[in-house]
Structure formats: structure tokens, C-alpha cells
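Participant: My questions all concern the structure below.
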Amino acid sequence: MLPYIAPSLRAHILNILLSHASDNDSIPVESDSEEDPYTLRSTVTKGGSTAVGAFATCDIERGEPIVTERAICIWPQELKREEAEALFEQMSDHARDALLALANVAPSDLGEVLGRRATNGFNVEVPELEMEWAGVYKDEKGEGKGEIRPSHAGFIFPRIARMNHSCLNNADHAIDWSNLLMTVYATTPLAEGQEITIEYTSALIQRTRAERQAILQDSFMFSCACECCSLTGEALAASDRRRKEVNEIVVGIASGGFERPTVLKGFARMAQLIEEEGYMGMPEFSDPGVTGAYHMWVQMVKRRMASEED
Ligand SMILES: [Zn+2]
């Protein structure tokens, strides 16, 4: 089933689908929930409250897909309550039921629909199109016809939304833009019975505990009680120092003032800090350019290590 795409995003999302169409020739399928290697059950968080979480039902290897799912809806960000409710009315009965079955921990003034969007939505960075269709998008000054190109959109994946957040997540997610399917995969080997966790928002690797708490409370209305946020004393201070240093490097590289050797040294230092922090995923930083360059650098280092082993 295709997601319900808000009218203001339709042209852009369809263009993305068309431009990625040749990436994947296989017929997109959503995995059968009965075959997923996890089960949902309630868990007591370190903060003492109970929440539903996803737990591995077998050992899962690093890189193995855990669940693949298509969003039920794709909405613009920063919707008002009435706008969200108007979009909800346009959705199919099935999609509306799926949305209403999700948790809502948002303040009651957001209402049933926007509250669930706030509690469960992913803010996904929308890819740049290589060739913008003439006349469809406004320029910086708002001239031209049609819509402003969105940088992010809010996606709701009902099953993936049941997975809890951790600042040291053991699973990551990626969207295939040729079919709008999101896959969650393990970033570290998982043992049967272990909780599967994902990261709800990007750039937390650059944020101290206090900053992460504020961001997660503000965007998702919960206080994080993950392994990393539960650290105290010197262990917490060391974690905060590492994340602050990662932030300084990202901001420095993003400013564009570094020579290439300094950038490469920065990437090596970041990789070391991220490893010391115990973060297993491929981090997304506050600057997409730095993220892309860092990912390329990691691949290059891996290739070099592999060729040295031969
Ligand atoms: Zn946390």
C-alpha cells in the first residue's frame, strides 16, 4: 500500500521516486510481520516507567535486516493541529486505524492526530533532486510557481515506531527512495532477548546528556533513560567530553575553513571518539555534507584495511 502523501509534498516525493526508479529493479515487498525476528513486549525503563519495546526473538547478526516497512503517511513538518486533522481525514480507513493505534504522549492541546505524529513520527531528510523540474519549485526569494522544496518531511512507520530510542542504539534505519520502504538493520550482533533500539533523531552523537534530554523531550516528549543517559560521575563527564569534541570537529569541518589534511585528521579523531563512546551506528551529523564525507572516509579506511589484510 502506498503512503498517504500530503498534497504539498506530492510532486517532490513522486519526483524522488522517479529519479530513484532505476536503483532497484526488484518488486518491493513489505516483510511479513510473523517472520520478523523480534517481538513487542512491555519493559520497565531505568526511569521506572513501563513502555513497549522490541526484543530479539533469535540471535541477529550485524547488518541483518530486522523489519522493512512503508510509511502510512508522509506529512510536511511543523503542521498545525487543524492541518494535521484535515490530512488525517484524507487517509484510508486502514491508515487512520494504524495511526490511532499508536501511543500518544504529547500535550493534550495537540489533539489525537498531531499528538501521535509528534510521538511517533520520523523527521526524514528528503534527498536533493539532481534535476529540479522547471517551474515546480520556488527559488530562495519565493519566486516561480508551485511549492518550496522541502528539506525534511514527517514519516510515520507504525511498526518501527514501537522500537524505543537509545543514544547508544544497536540498530539503524535507512530509506530506499526507489520504493519508500524503510529498513531497520542491526548495527551490532544482537542476542536473543535483547532489546532492539534505534535513534529517533540525528546529530545526538554531537550532544551532551543535558542537550540530548532537551532535544528528545522537546521533539518526542520523553526523557531518555538509555545506557548512556544513565551514566553518572566521571563516566558521564567523559561521555559529554567526547560528544562535545565530536561537535567541535563537525562544526569546524562544516565551516569549510580546514585544509584537506586537517579534515582527514578530524575524521580519524571522530572515529576514535565514536568508538570509545561505544556508538555502533553510522552517525548522521548536524551537517549533511560532513555526514556524506565522513561515510566516504569510513568506506575508504575499511577498503584500505581489507587490502592490507590480503
Ligand atoms: Zn539517551
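Ordering of the C-alpha cells sets the chain letters (A, B, ...), residue numbers begin anew at 1 in every chain, and ligands are numbered from 1 in the order given.
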Just want the 10 Å neighbourhood of Glu227 in chain A, counted on only C-alpha atoms, with same-chain residues fewer than 4 positions away dropped. Output as a PDB file with all heavy atoms, in the first residue's frame.
Facilitator:
ATOM      1  N   LYS A  46      14.755   2.417  32.859  1.00  0.00           N
ATOM      2  CA  LYS A  46      15.589   2.751  34.020  1.00  0.00           C
ATOM      3  C   LYS A  46      14.947   3.870  34.841  1.00  0.00           C
ATOM      4  O   LYS A  46      15.198   3.995  36.021  1.00  0.00           O
ATOM      5  CB  LYS A  46      16.994   3.150  33.567  1.00  0.00           C
ATOM      6  CG  LYS A  46      17.779   1.969  33.026  1.00  0.00           C
ATOM      7  CD  LYS A  46      19.263   2.260  32.999  1.00  0.00           C
ATOM      8  CE  LYS A  46      20.055   1.067  32.482  1.00  0.00           C
ATOM      9  NZ  LYS A  46      19.967   0.957  31.001  1.00  0.00           N
ATOM     10  N   SER A 166      17.516   4.803  21.812  1.00  0.00           N
ATOM     11  CA  SER A 166      18.663   4.821  22.717  1.00  0.00           C
ATOM     12  C   SER A 166      19.730   5.712  22.090  1.00  0.00           C
ATOM     13  O   SER A 166      19.888   5.736  20.869  1.00  0.00           O
ATOM     14  CB  SER A 166      19.224   3.408  22.918  1.00  0.00           C
ATOM     15  OG  SER A 166      20.493   3.497  23.567  1.00  0.00           O
ATOM     16  N   CYS A 167      20.463   6.439  22.931  1.00  0.00           N
ATOM     17  CA  CYS A 167      21.568   7.267  22.425  1.00  0.00           C
ATOM     18  C   CYS A 167      22.773   6.393  22.093  1.00  0.00           C
ATOM     19  O   CYS A 167      23.746   6.870  21.515  1.00  0.00           O
ATOM     20  CB  CYS A 167      21.933   8.351  23.425  1.00  0.00           C
ATOM     21  SG  CYS A 167      20.518   9.389  23.873  1.00  0.00           S
ATOM     22  N   LEU A 168      22.727   5.101  22.475  1.00  0.00           N
ATOM     23  CA  LEU A 168      23.703   4.102  22.023  1.00  0.00           C
ATOM     24  C   LEU A 168      22.907   2.987  21.358  1.00  0.00           C
ATOM     25  O   LEU A 168      22.890   1.840  21.823  1.00  0.00           O
ATOM     26  CB  LEU A 168      24.540   3.572  23.192  1.00  0.00           C
ATOM     27  CG  LEU A 168      25.552   4.544  23.801  1.00  0.00           C
ATOM     28  CD1 LEU A 168      26.242   3.936  25.015  1.00  0.00           C
ATOM     29  CD2 LEU A 168      26.605   4.961  22.764  1.00  0.00           C
ATOM     30  N   ASN A 169      22.215   3.344  20.295  1.00  0.00           N
ATOM     31  CA  ASN A 169      21.314   2.407  19.601  1.00  0.00           C
ATOM     32  C   ASN A 169      22.078   1.218  19.024  1.00  0.00           C
ATOM     33  O   ASN A 169      23.235   1.353  18.633  1.00  0.00           O
ATOM     34  CB  ASN A 169      20.574   3.139  18.478  1.00  0.00           C
ATOM     35  CG  ASN A 169      21.491   3.957  17.601  1.00  0.00           C
ATOM     36  OD1 ASN A 169      22.276   4.755  18.091  1.00  0.00           O
ATOM     37  ND2 ASN A 169      21.414   3.747  16.313  1.00  0.00           N
ATOM     38  N   LEU A 231      24.440   7.225  32.707  1.00  0.00           N
ATOM     39  CA  LEU A 231      25.785   7.318  33.288  1.00  0.00           C
ATOM     40  C   LEU A 231      25.820   8.410  34.362  1.00  0.00           C
ATOM     41  O   LEU A 231      25.032   9.367  34.304  1.00  0.00           O
ATOM     42  CB  LEU A 231      26.816   7.668  32.200  1.00  0.00           C
ATOM     43  CG  LEU A 231      27.067   6.632  31.100  1.00  0.00           C
ATOM     44  CD1 LEU A 231      27.967   7.230  30.018  1.00  0.00           C
ATOM     45  CD2 LEU A 231      27.689   5.363  31.669  1.00  0.00           C
TER      46      LEU A 231
END
Participant: Report as a PyMOL selection string which protein, DNA and RNA residues come within 6 Å of ligand 1, using only C-alpha atoms and all ligand atoms.
Facilitator: chain A and resi 166-167+224-226+228-229
Participant: Please produce an output containing C-alpha atoms for each residue in the selection, written as a PDB file, in the first residue's frame.
Facilitator:
ATOM      1  CA  SER A 166      18.663   4.821  22.717  1.00  0.00           C
ATOM      2  CA  CYS A 167      21.568   7.267  22.425  1.00  0.00           C
ATOM      3  CA  CYS A 224      15.735   9.283  27.753  1.00  0.00           C
ATOM      4  CA  ALA A 225      16.879   6.678  30.307  1.00  0.00           C
ATOM      5  CA  CYS A 226      19.203   4.806  27.952  1.00  0.00           C
ATOM      6  CA  CYS A 228      24.370   6.490  28.001  1.00  0.00           C
ATOM      7  CA  CYS A 229      21.904   8.912  29.636  1.00  0.00           C
TER       8      CYS A 229
END
Participant: Using only C-alpha atoms, tabulate the residues of range 251-286 of chain A lying at most 8 Å from any atom of range 198-209 of chain A, each with its closest atom pair and that distance in Å to one decimal, by chain and increasing residue number, as a Markdown table.
Facilitator:
| residue | atom | partner | partner_atom | distance |
| --- | --- | --- | --- | --- |
| A:Ile274 | CA | A:Ile205 | CA | 7.8 |
| A:Pro283 | CA | A:Ile205 | CA | 7.0 |
| A:Glu284 | CA | A:Ser202 | CA | 5.4 |
| A:Phe285 | CA | A:Ala203 | CA | 4.3 |
| A:Ser286 | CA | A:Ala203 | CA | 5.1 |
Participant: Contacts of range 121-126 of chain A at 6 Å or less, counting only C-alpha atoms, minus same-chain residues fewer than 2 places along, as a list in words?
Facilitator: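 Residues near the query, excluding close chain neighbours: Arg117, Ala118, Ser151, His152, Ala153, Gly154, Phe155 and Ile156 of chain A.
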Participant: What does the distance between CA of Ser178 in chain A and CA of Ala6 in chain A come to in Å, to one decimal place?
Facilitator: 18.5 Å
Participant: Select from range 62-268 of chain A everything DSSP, run on the backbone, classes as alpha helix (DSSP H), then give the selection as a VMD selection string.
Facilitator: chain A and resid 81 to 90 93 to 100 111 to 120 209 to 220 233 to 254 260 to 268
Participant: Quick one: which range 162-247 of chain A residues come within 7 Å of range 62-80 of chain A, and what is the nearest atom pair for each with the distance in Å to one decimal, counting only C-alpha atoms, rows ordered by chain and ascending number, as a Markdown table?
Facilitator:
| residue | atom | partner | partner_atom | distance |
| --- | --- | --- | --- | --- |
| A:Leu180 | CA | A:Arg70 | CA | 6.1 |
| A:Leu181 | CA | A:Arg70 | CA | 4.5 |
| A:Met182 | CA | A:Glu69 | CA | 5.4 |
| A:Thr183 | CA | A:Thr68 | CA | 4.2 |
| A:Val184 | CA | A:Val67 | CA | 5.4 |
| A:Tyr185 | CA | A:Pro65 | CA | 4.1 |
| A:Ala186 | CA | A:Gly63 | CA | 5.0 |
| A:Thr187 | CA | A:Arg62 | CA | 5.3 |
| A:Thr188 | CA | A:Arg62 | CA | 4.6 |
| A:Pro189 | CA | A:Arg62 | CA | 4.6 |
Participant: Which of these residues is nearest to Ala98 in chain A, using only C-alpha atoms: A:Arg159, A:Pro127, A:Leu110, A:Arg241?
Facilitator: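 For Ala98 in chain A, the nearest of the candidates is A:Arg159.
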Participant: Using only C-alpha atoms, which residue out of A:Met282, A:Leu114, A:Ala56, A:Ile196 lies closest to Gln299 in chain A?
Facilitator: A:Met282
